[in-house]
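Text of the file entry_36.csv, holding CSV, C-alpha atoms:
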chain,number,residue,atom,x,y,z
C,1,MET,CA,3.0,95.5,-4.8
C,2,ASP,CA,4.5,97.8,-7.4
C,3,THR,CA,4.3,97.3,-11.2
C,4,MET,CA,7.8,95.8,-11.6
C,5,THR,CA,7.1,93.2,-8.8
C,6,LYS,CA,3.8,92.2,-10.6
C,7,LYS,CA,5.7,91.8,-13.8
C,8,ARG,CA,8.3,89.6,-12.1
C,9,VAL,CA,5.7,87.4,-10.5
C,10,PHE,CA,3.8,87.1,-13.8
C,11,LEU,CA,7.0,86.2,-15.6
C,12,PHE,CA,8.0,83.7,-12.9
C,13,LEU,CA,4.7,81.9,-13.0
C,14,ILE,CA,4.5,81.8,-16.8
C,15,THR,CA,8.0,80.5,-17.1
C,16,THR,CA,7.7,77.9,-14.4
C,17,PHE,CA,4.3,76.6,-15.4
C,18,ALA,CA,5.2,76.5,-19.1
C,19,LEU,CA,8.5,74.7,-18.7
C,20,SER,CA,7.1,72.2,-16.1
C,21,TRP,CA,3.9,71.4,-18.0
C,22,GLU,CA,5.7,71.0,-21.3
C,23,TYR,CA,8.1,68.5,-19.7
C,24,GLU,CA,5.3,66.6,-18.0
C,25,MET,CA,3.2,66.4,-21.1
C,26,GLY,CA,6.1,65.8,-23.4
C,27,VAL,CA,8.2,63.4,-21.3
C,28,ILE,CA,6.4,62.0,-18.3
C,29,PHE,CA,3.0,61.3,-20.0
C,30,PRO,CA,4.5,59.3,-22.9
C,31,VAL,CA,6.8,57.3,-20.7
C,32,ASN,CA,4.0,55.4,-19.0
C,33,SER,CA,0.8,56.5,-20.8
C,34,GLY,CA,0.1,59.0,-18.2
C,35,ASN,CA,0.0,56.5,-15.3
C,36,LEU,CA,2.6,57.2,-12.6
C,37,ASN,CA,1.3,54.3,-10.5
C,38,GLY,CA,3.0,51.9,-12.9
C,39,LEU,CA,6.5,53.3,-12.3
C,40,GLN,CA,9.1,52.0,-9.9
C,41,PRO,CA,9.9,54.4,-7.0
C,42,VAL,CA,13.4,55.2,-8.4
C,43,GLN,CA,12.0,55.9,-11.9
C,44,LEU,CA,9.3,58.1,-10.5
C,45,GLN,CA,11.8,60.0,-8.3
C,46,LEU,CA,14.0,60.7,-11.3
C,47,LEU,CA,11.2,61.9,-13.5
C,48,VAL,CA,9.5,64.1,-10.9
C,49,GLY,CA,12.9,65.3,-9.6
C,50,VAL,CA,13.5,67.0,-12.9
C,51,VAL,CA,10.2,68.9,-12.6
C,52,MET,CA,11.1,70.0,-9.1
C,53,LEU,CA,14.2,71.9,-10.4
C,54,VAL,CA,12.1,74.1,-12.7
C,55,PRO,CA,10.9,76.7,-10.1
C,56,ALA,CA,14.5,77.5,-9.3
C,57,ILE,CA,15.3,77.8,-13.0
C,58,GLY,CA,12.3,80.2,-13.3
C,59,VAL,CA,13.8,82.3,-10.5
C,60,VAL,CA,17.2,82.5,-12.3
C,61,ILE,CA,15.5,83.4,-15.6
C,62,VAL,CA,13.4,86.2,-14.0
C,63,ARG,CA,16.2,87.7,-12.0
C,64,PHE,CA,18.4,87.9,-15.1
C,65,VAL,CA,15.7,89.0,-17.6
C,66,THR,CA,14.4,91.8,-15.3
C,67,LYS,CA,17.9,92.7,-14.1
C,68,GLU,CA,16.8,92.1,-10.5
C,69,GLY,CA,20.0,90.4,-9.6
C,70,PHE,CA,20.7,88.1,-6.6
C,71,ARG,CA,22.2,90.3,-4.0
C,72,ASP,CA,20.3,90.9,-0.7
C,73,SER,CA,17.2,89.2,-1.9
C,74,SER,CA,18.0,85.5,-2.5
C,75,PHE,CA,16.4,84.0,0.6
C,76,ILE,CA,19.1,81.4,0.5
C,77,ALA,CA,21.9,82.3,3.0
C,78,PRO,CA,21.4,81.7,6.7
C,79,VAL,CA,20.3,84.7,8.6
C,80,GLU,CA,21.4,85.0,12.3
C,81,PHE,CA,21.9,81.3,12.3
C,82,LYS,CA,22.3,80.9,16.1
C,83,ARG,CA,18.9,82.7,16.6
C,84,THR,CA,17.1,80.9,13.8
C,85,LEU,CA,18.6,77.4,14.3
C,86,LYS,CA,15.4,76.2,16.0
C,87,TYR,CA,13.5,76.9,12.7
C,88,TRP,CA,16.1,74.8,10.8
C,89,MET,CA,15.6,72.0,13.3
C,90,LEU,CA,11.8,72.4,12.9
C,91,GLY,CA,12.2,72.1,9.2
C,92,TYR,CA,14.5,69.1,9.5
C,93,PHE,CA,12.5,67.0,11.9
C,94,GLY,CA,9.0,68.5,12.0
C,95,PRO,CA,7.5,66.9,8.9
C,96,PHE,CA,8.4,63.4,10.0
C,97,LEU,CA,6.9,63.9,13.4
C,98,LEU,CA,3.7,65.3,11.9
C,99,ILE,CA,3.6,62.3,9.5
C,100,VAL,CA,3.9,59.9,12.5
C,101,ILE,CA,1.1,61.8,14.4
C,102,GLY,CA,-1.2,61.5,11.4
C,103,ALA,CA,-0.5,57.8,10.9
C,104,MET,CA,-1.0,57.1,14.7
C,105,LEU,CA,-4.3,58.9,14.7
C,106,TYR,CA,-5.4,56.9,11.6
C,107,HIS,CA,-4.6,53.6,13.4
C,108,LEU,CA,-6.3,54.8,16.6
C,109,ILE,CA,-9.5,55.6,14.7
C,110,MET,CA,-9.2,52.4,12.7
C,111,PRO,CA,-7.4,49.9,14.9
C,112,GLU,CA,-8.2,47.0,12.6
C,113,SER,CA,-5.9,48.7,10.0
C,114,PHE,CA,-2.8,48.1,12.2
C,115,ASP,CA,-0.3,45.4,11.3
C,116,PHE,CA,2.8,45.2,13.4
C,117,HIS,CA,4.4,42.7,11.0
C,118,MET,CA,4.7,45.4,8.2
C,119,SER,CA,3.1,43.1,5.7
C,120,TYR,CA,2.1,45.8,3.3
C,121,LEU,CA,5.6,47.4,3.2
C,122,LYS,CA,7.2,44.0,2.7
C,123,GLY,CA,4.9,43.2,-0.1
C,124,THR,CA,5.5,46.6,-1.8
C,125,ILE,CA,9.3,46.4,-1.4
C,126,PRO,CA,10.6,42.9,-1.9
C,127,GLN,CA,14.0,43.7,-0.4
C,128,LEU,CA,12.3,44.2,3.0
C,129,GLN,CA,10.7,40.7,3.1
C,130,LYS,CA,13.0,39.3,5.8
C,131,ILE,CA,13.3,42.4,8.1
C,132,ASP,CA,12.3,42.2,11.7
C,133,PRO,CA,9.8,45.1,12.4
C,134,LEU,CA,11.2,45.9,15.9
C,135,ALA,CA,14.9,45.2,15.4
C,136,GLN,CA,15.2,46.5,11.8
C,137,GLY,CA,12.0,48.1,10.6
C,138,ILE,CA,11.6,50.9,13.1
C,139,PRO,CA,15.4,51.8,13.0
C,140,MET,CA,15.2,51.9,9.2
C,141,ILE,CA,12.3,54.4,9.4
C,142,LEU,CA,14.1,56.5,11.9
C,143,GLY,CA,17.2,56.4,9.7
C,144,ALA,CA,15.2,57.6,6.7
C,145,ALA,CA,14.0,60.5,8.8
C,146,ILE,CA,17.6,61.6,9.4
C,147,ILE,CA,18.8,61.0,5.9
C,148,ALA,CA,15.9,62.1,3.8
C,149,PRO,CA,16.1,65.9,4.3
C,150,VAL,CA,19.7,66.0,3.1
C,151,ALA,CA,19.4,63.3,0.5
C,152,ASN,CA,16.5,65.2,-1.2
C,153,ILE,CA,18.0,68.7,-0.7
C,154,VAL,CA,18.9,69.5,-4.4
C,155,THR,CA,15.5,68.8,-5.9
C,156,CYS,CA,13.5,70.2,-3.0
C,157,PHE,CA,15.6,73.3,-3.1
C,158,GLY,CA,14.5,73.6,-6.7
C,159,GLU,CA,10.9,74.0,-5.6
C,160,GLU,CA,11.4,75.9,-2.3
C,161,TRP,CA,13.6,78.6,-3.8
C,162,GLY,CA,10.9,79.3,-6.3
C,163,TRP,CA,7.7,79.0,-4.2
C,164,ARG,CA,8.9,80.1,-0.7
C,165,GLY,CA,12.1,81.9,-1.5
C,166,TYR,CA,10.8,84.0,-4.4
C,167,LEU,CA,7.0,83.9,-4.9
C,168,LEU,CA,5.9,84.2,-1.3
C,169,PRO,CA,8.1,87.3,-0.4
C,170,LYS,CA,6.8,89.0,-3.6
C,171,LEU,CA,3.2,88.3,-2.6
C,172,LEU,CA,3.9,89.7,0.9
C,173,GLU,CA,4.9,93.0,-0.7
C,174,GLY,CA,1.2,93.5,-1.7
C,175,TYR,CA,-0.9,91.3,0.5
C,176,HIS,CA,-1.3,90.3,4.1
C,177,ILE,CA,0.1,87.0,5.4
C,178,VAL,CA,-3.1,84.9,5.3
C,179,PRO,CA,-4.1,85.7,1.6
C,180,SER,CA,-0.4,85.3,0.6
C,181,LEU,CA,-0.2,81.9,2.2
C,182,ILE,CA,-3.5,80.8,0.5
C,183,VAL,CA,-2.6,82.2,-2.9
C,184,SER,CA,0.9,80.7,-2.9
C,185,GLY,CA,-0.5,77.4,-1.8
C,186,VAL,CA,-3.1,77.3,-4.5
C,187,ILE,CA,-0.6,78.3,-7.2
C,188,TRP,CA,1.8,75.6,-6.0
C,189,SER,CA,-1.0,73.0,-6.1
C,190,LEU,CA,-2.1,73.9,-9.6
C,191,TRP,CA,1.5,73.6,-10.7
C,192,HIS,CA,1.2,69.9,-9.6
C,193,ALA,CA,-2.0,69.4,-11.7
C,194,PRO,CA,-0.5,67.3,-14.5
C,195,LEU,CA,1.1,65.0,-12.0
C,196,THR,CA,-2.2,64.7,-10.1
C,197,LEU,CA,-3.8,63.9,-13.5
C,198,PHE,CA,-1.2,61.2,-14.0
C,199,GLY,CA,-2.1,59.5,-10.7
C,200,HIS,CA,0.6,61.0,-8.4
C,201,ASN,CA,-0.5,61.0,-4.7
C,202,TYR,CA,-4.2,60.1,-5.4
C,203,GLY,CA,-4.1,57.5,-8.1
C,204,LEU,CA,-6.5,57.1,-11.0
C,205,GLY,CA,-10.2,56.3,-11.4
C,206,TYR,CA,-11.4,57.6,-8.1
C,207,PRO,CA,-14.9,59.2,-7.9
C,208,GLY,CA,-14.7,62.6,-9.5
C,209,TYR,CA,-11.4,62.0,-11.1
C,210,PRO,CA,-9.4,64.1,-11.7
C,211,VAL,CA,-11.2,67.2,-10.3
C,212,THR,CA,-11.5,65.8,-6.7
C,213,GLY,CA,-7.8,64.9,-6.8
C,214,ILE,CA,-6.8,68.4,-7.9
C,215,ILE,CA,-9.1,70.0,-5.2
C,216,ALA,CA,-7.6,67.6,-2.6
C,217,MET,CA,-4.1,68.6,-3.8
C,218,CYS,CA,-5.0,72.3,-3.4
C,219,CYS,CA,-6.0,71.7,0.2
C,220,TYR,CA,-2.8,69.6,0.8
C,221,CYS,CA,-0.4,72.0,-0.8
C,222,THR,CA,-1.9,75.0,1.0
C,223,ILE,CA,-1.7,73.3,4.4
C,224,ILE,CA,1.9,72.0,4.1
C,225,GLY,CA,2.8,75.2,2.3
C,226,VAL,CA,2.0,77.0,5.6
C,227,PHE,CA,4.7,74.9,7.4
C,228,MET,CA,7.2,75.5,4.6
C,229,SER,CA,6.4,79.2,4.6
C,230,PHE,CA,6.7,79.5,8.4
C,231,VAL,CA,10.2,78.1,8.6
C,232,THR,CA,11.3,80.2,5.6
C,233,LEU,CA,9.9,83.5,7.0
C,234,LYS,CA,11.2,82.8,10.5
C,235,SER,CA,14.7,81.7,9.4
C,236,GLY,CA,15.1,84.2,6.6
C,237,SER,CA,16.1,81.3,4.3
C,238,CYS,CA,14.3,78.8,2.1
C,239,ILE,CA,16.8,76.1,3.0
C,240,PRO,CA,14.9,74.9,6.1
C,241,ALA,CA,11.8,74.6,3.9
C,242,ALA,CA,13.9,72.6,1.4
C,243,LEU,CA,14.9,70.3,4.3
C,244,ALA,CA,11.3,70.0,5.4
C,245,HIS,CA,10.2,69.2,1.8
C,246,GLY,CA,12.9,66.6,1.6
C,247,SER,CA,11.8,65.0,4.8
C,248,LEU,CA,8.2,65.0,3.7
C,249,ASN,CA,9.0,63.4,0.3
C,250,GLY,CA,11.4,60.9,1.8
C,251,THR,CA,9.4,59.7,4.8
C,252,ALA,CA,5.7,60.0,3.6
C,253,LEU,CA,5.6,56.3,2.8
C,254,ALA,CA,6.6,55.5,6.4
C,255,SER,CA,3.0,56.1,7.2
C,256,LEU,CA,2.2,52.9,5.4
C,257,ALA,CA,4.7,50.8,7.4
C,258,PHE,CA,2.0,49.2,9.6
C,259,ILE,CA,-1.0,49.4,7.4
C,260,LYS,CA,-3.2,46.4,6.8
C,261,GLY,CA,-6.1,46.0,4.3
C,262,MET,CA,-7.5,48.7,2.0
C,263,TRP,CA,-6.7,52.4,2.5
C,264,SER,CA,-7.5,55.6,0.7
C,265,PRO,CA,-5.0,58.4,-0.1
C,266,PHE,CA,-7.9,60.8,0.5
C,267,ILE,CA,-8.2,59.6,4.1
C,268,GLY,CA,-4.9,58.2,5.2
C,269,PRO,CA,-2.6,57.1,6.7
C,270,VAL,CA,-0.5,58.9,4.1
C,271,PRO,CA,-0.2,62.7,4.8
C,272,VAL,CA,-2.1,63.6,1.6
C,273,GLY,CA,-5.3,62.3,3.4
C,274,ILE,CA,-7.4,64.2,5.8
C,275,ILE,CA,-6.6,61.9,8.7
C,276,GLY,CA,-3.1,61.1,7.7
C,277,GLY,CA,-2.5,64.9,7.3
C,278,SER,CA,-4.1,65.8,10.5
C,279,GLY,CA,-0.8,66.7,12.1
C,280,PHE,CA,0.0,69.2,9.4
C,281,ILE,CA,-3.6,70.6,9.6
C,282,VAL,CA,-3.2,71.4,13.3
C,283,ALA,CA,0.3,72.7,12.8
C,284,ALA,CA,-0.9,75.0,10.0
C,285,ILE,CA,-3.7,76.5,12.2
C,286,ILE,CA,-1.2,77.2,14.9
C,287,LEU,CA,1.5,78.6,12.6
C,288,VAL,CA,-1.0,80.8,10.7
C,289,GLY,CA,-2.1,82.1,14.1
C,290,ILE,CA,1.5,83.0,15.1
C,291,LEU,CA,2.2,84.7,11.8
C,292,PHE,CA,-1.1,86.6,11.9
C,293,ARG,CA,-0.5,87.9,15.4
C,294,GLU,CA,3.1,88.9,14.6
C,295,GLU,CA,1.8,90.8,11.5
C,296,ARG,CA,-0.9,92.6,13.5
C,297,LYS,CA,1.6,93.4,16.3
C,298,ALA,CA,3.9,95.0,13.7
C,299,GLY,CA,1.0,97.1,12.5
C,300,LEU,CA,1.2,95.7,8.9
What is this structure when it is put down as structure tokens?
Amino acid sequence: MDTMTKKRVFLFLITTFALSWEYEMGVIFPVNSGNLNGLQPVQLQLLVGVVMLVPAIGVVIVRFVTKEGFRDSSFIAPVEFKRTLKYWMLGYFGPFLLIVIGAMLYHLIMPESFDFHMSYLKGTIPQLQKIDPLAQGIPMILGAAIIAPVANIVTCFGEEWGWRGYLLPKLLEGYHIVPSLIVSGVIWSLWHAPLTLFGHNYGLGYPGYPVTGIIAMCCYCTIIGVFMSFVTLKSGSCIPAALAHGSLNGTALASLAFIKGMWSPFIGPVPVGIIGGSGFIVAAIILVGILFREERKAGL
């Protein structure tokens, strides 16, 4: 990695972290006294959605300030679309399938947690009180899996253009694939630290709060970051990663559709838990292996 690339990475991180954390501390924290659990889903989506746009803003600022420009290095436009279409499809549908796998494993390990009547979801979202699980519930979840990647594309692009479309390729200029994936994942997770502090994903008041939540978020972001990085590198565009991110954000709660009783975000069935995220963990191991072998084969 040359000196200019290091300067660009440093400027990107400083800009992105400063703008994000200032907004989170200055806007999100006062809105609900630092407790995101008290917000309605729509309110939370709007507040967090603004933060998700900041990495893309960071990319634009750095490219202008350092005169890097946008030509030939944007990681946005499709590359050999017919050949890479399978990676776009993987990004579109893969996260939902991995969420389902994790939730199924959770219910298999803890069969007493399964509730076919979707009582938890109905209690959480009053509008779903009268739905029939088989006739309406499952089709609704499948519909969300189709709509979510596109519905969330703008905000998720804001993150993915920054983390996978800009930071990751820069890291790969100076480091091998495995350390680049780990470093980018940890950086991404630390960027989430204020939201984790406010209760996003793991709640508040758990043992070791907030350190255990931040550590868990580091593991989670690094693991799902492998998936996002894989579809980006294999397609030559960060758009498949943005679709994957949109799918993950829009369908993660589907893992709670059939839950009954107490559950822990650190365990599952949500994908931020170790069992709920088991599909992503296995996928990450496989995808890292593929990228590592390709790197060695290329003699890098």
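For the atom pair formed by CA of Ile182 (chain C) and CA of Thr222 (chain C), the distance is 6.0 Å, given to one decimal.
Neighbours of Glu173 (chain C) closer than or equal to 9 Å, with only C-alpha atoms counted and sequence neighbours fewer than 3 positions away skipped, come out as C:Met1, C:Asp2, C:Thr5, C:Leu168, C:Pro169, C:Lys170, C:His176.
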Using all atoms listed in the file, what table do you get, as a Markdown table, when you list each residue of region 145-263 of chain C with an atom no more than 7 Å from region 92-112 of chain C, its nearest pair of atoms, and their distance in Å rounded to one decimal, rows by chain then rising number?
| residue | atom | partner | partner_atom | distance |
| --- | --- | --- | --- | --- |
| C:Ala145 | CA | C:Phe96 | CA | 6.4 |
| C:Pro149 | CA | C:Tyr92 | CA | 6.3 |
| C:Pro240 | CA | C:Tyr92 | CA | 6.7 |
| C:Leu243 | CA | C:Tyr92 | CA | 5.4 |
| C:Ala244 | CA | C:Tyr92 | CA | 5.3 |
| C:Ser247 | CA | C:Pro95 | CA | 6.2 |
| C:Leu248 | CA | C:Pro95 | CA | 5.6 |
| C:Thr251 | CA | C:Phe96 | CA | 6.5 |
| C:Ala252 | CA | C:Ile99 | CA | 6.7 |
| C:Ser255 | CA | C:Ala103 | CA | 5.4 |
Exercise for review: Counting only C-alpha atoms, figure out which residue out of C:Gly91, C:Gly174, C:Gly261, C:Pro78 gets nearest to Ile146 (chain C).
Suggested key: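 With only C-alpha atoms as the atom set, the closest residue is C:Gly91.
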Practice item. Please measure the separation of CA of Thr84 (chain C) and CA of Asn152 (chain C), giving the value in Å to one decimal. Key: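 CA of Asn152 (chain C) lies at a distance of 21.7 Å from CA of Thr84 (chain C).
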Revision key, fill the gap. Among C:Ile177, C:Ser119, C:Met25, C:Tyr220, Ile274 (chain C) is approached most closely, using all atoms listed in the file, by C:Tyr220
Exercise for review: For each of C:Gly279, C:Gly58, C:Gly289, C:Gly250, take the minimum atom-to-atom distance to Leu11 (chain C), counting all atoms listed in the file, then give the residue where this is smallest.
Suggested key: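 Closest to Leu11 (chain C) of all the choices is C:Gly58.
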Starting from the incomplete input, reconstruct all heavy atoms of region 91-102 of chain C and write that as an mmCIF file, in the frame of the given file.
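Written out: part-v2.cif:
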data_model
loop_
_atom_site.group_PDB
_atom_site.id
_atom_site.type_symbol
_atom_site.label_atom_id
_atom_site.label_comp_id
_atom_site.auth_asym_id
_atom_site.auth_seq_id
_atom_site.Cartn_x
_atom_site.Cartn_y
_atom_site.Cartn_z
ATOM 1 N N GLY C 91 12.286 72.518 10.566
ATOM 2 C CA GLY C 91 12.200 72.100 9.200
ATOM 3 C C GLY C 91 12.739 70.692 8.978
ATOM 4 O O GLY C 91 12.181 69.897 8.206
ATOM 5 N N TYR C 92 13.800 70.381 9.670
ATOM 6 C CA TYR C 92 14.500 69.100 9.500
ATOM 7 C C TYR C 92 13.646 67.935 10.056
ATOM 8 O O TYR C 92 13.466 66.902 9.395
ATOM 9 C CB TYR C 92 15.843 69.122 10.174
ATOM 10 C CG TYR C 92 16.821 68.091 9.658
ATOM 11 C CD1 TYR C 92 17.887 68.474 8.848
ATOM 12 C CD2 TYR C 92 16.695 66.740 9.966
ATOM 13 C CE1 TYR C 92 18.790 67.542 8.363
ATOM 14 C CE2 TYR C 92 17.588 65.798 9.484
ATOM 15 C CZ TYR C 92 18.637 66.208 8.679
ATOM 16 O OH TYR C 92 19.524 65.269 8.198
ATOM 17 N N PHE C 93 13.153 68.089 11.267
ATOM 18 C CA PHE C 93 12.500 67.000 11.900
ATOM 19 C C PHE C 93 10.952 67.086 11.984
ATOM 20 O O PHE C 93 10.263 66.087 12.184
ATOM 21 C CB PHE C 93 13.008 66.845 13.368
ATOM 22 C CG PHE C 93 14.467 66.477 13.440
ATOM 23 C CD1 PHE C 93 15.420 67.419 13.820
ATOM 24 C CD2 PHE C 93 14.887 65.203 13.125
ATOM 25 C CE1 PHE C 93 16.762 67.093 13.886
ATOM 26 C CE2 PHE C 93 16.227 64.858 13.191
ATOM 27 C CZ PHE C 93 17.177 65.805 13.570
ATOM 28 N N GLY C 94 10.428 68.313 11.822
ATOM 29 C CA GLY C 94 9.000 68.500 12.000
ATOM 30 C C GLY C 94 8.110 67.692 11.083
ATOM 31 O O GLY C 94 7.150 67.062 11.559
ATOM 32 N N PRO C 95 8.360 67.643 9.768
ATOM 33 C CA PRO C 95 7.500 66.900 8.900
ATOM 34 C C PRO C 95 7.364 65.403 9.264
ATOM 35 O O PRO C 95 6.265 64.836 9.242
ATOM 36 C CB PRO C 95 8.113 67.054 7.507
ATOM 37 C CG PRO C 95 8.783 68.383 7.599
ATOM 38 C CD PRO C 95 9.330 68.440 8.996
ATOM 39 N N PHE C 96 8.478 64.783 9.609
ATOM 40 C CA PHE C 96 8.400 63.400 10.000
ATOM 41 C C PHE C 96 7.564 63.164 11.218
ATOM 42 O O PHE C 96 6.740 62.235 11.275
ATOM 43 C CB PHE C 96 9.837 62.839 10.236
ATOM 44 C CG PHE C 96 9.862 61.416 10.748
ATOM 45 C CD1 PHE C 96 9.497 60.361 9.923
ATOM 46 C CD2 PHE C 96 10.232 61.141 12.056
ATOM 47 C CE1 PHE C 96 9.499 59.052 10.393
ATOM 48 C CE2 PHE C 96 10.239 59.836 12.535
ATOM 49 C CZ PHE C 96 9.880 58.795 11.698
ATOM 50 N N LEU C 97 7.721 64.032 12.199
ATOM 51 C CA LEU C 97 6.900 63.900 13.400
ATOM 52 C C LEU C 97 5.431 64.105 13.107
ATOM 53 O O LEU C 97 4.572 63.397 13.659
ATOM 54 C CB LEU C 97 7.374 64.939 14.450
ATOM 55 C CG LEU C 97 8.789 64.751 15.005
ATOM 56 C CD1 LEU C 97 9.154 65.900 15.935
ATOM 57 C CD2 LEU C 97 8.910 63.415 15.732
ATOM 58 N N LEU C 98 5.105 65.024 12.225
ATOM 59 C CA LEU C 98 3.700 65.300 11.900
ATOM 60 C C LEU C 98 3.144 64.091 11.045
ATOM 61 O O LEU C 98 1.958 63.761 11.165
ATOM 62 C CB LEU C 98 3.588 66.562 11.075
ATOM 63 C CG LEU C 98 3.939 67.832 11.865
ATOM 64 C CD1 LEU C 98 3.916 69.053 10.951
ATOM 65 C CD2 LEU C 98 2.991 68.025 13.042
ATOM 66 N N ILE C 99 3.971 63.466 10.237
ATOM 67 C CA ILE C 99 3.600 62.300 9.500
ATOM 68 C C ILE C 99 3.233 61.143 10.476
ATOM 69 O O ILE C 99 2.214 60.446 10.344
ATOM 70 C CB ILE C 99 4.666 61.822 8.519
ATOM 71 C CG1 ILE C 99 4.747 62.797 7.346
ATOM 72 C CG2 ILE C 99 4.398 60.406 7.999
ATOM 73 C CD1 ILE C 99 5.959 62.593 6.464
ATOM 74 N N VAL C 100 4.085 60.969 11.483
ATOM 75 C CA VAL C 100 3.900 59.900 12.500
ATOM 76 C C VAL C 100 2.583 60.197 13.269
ATOM 77 O O VAL C 100 1.790 59.278 13.530
ATOM 78 C CB VAL C 100 5.073 59.856 13.461
ATOM 79 C CG1 VAL C 100 4.760 58.948 14.654
ATOM 80 C CG2 VAL C 100 6.311 59.342 12.722
ATOM 81 N N ILE C 101 2.347 61.451 13.627
ATOM 82 C CA ILE C 101 1.100 61.800 14.400
ATOM 83 C C ILE C 101 -0.109 61.461 13.544
ATOM 84 O O ILE C 101 -1.078 60.875 14.046
ATOM 85 C CB ILE C 101 1.136 63.310 14.714
ATOM 86 C CG1 ILE C 101 2.185 63.588 15.800
ATOM 87 C CG2 ILE C 101 -0.254 63.769 15.193
ATOM 88 C CD1 ILE C 101 2.426 65.064 16.061
ATOM 89 N N GLY C 102 -0.100 61.811 12.264
ATOM 90 C CA GLY C 102 -1.200 61.500 11.400
ATOM 91 C C GLY C 102 -1.471 60.017 11.251
ATOM 92 O O GLY C 102 -2.622 59.551 11.291
#
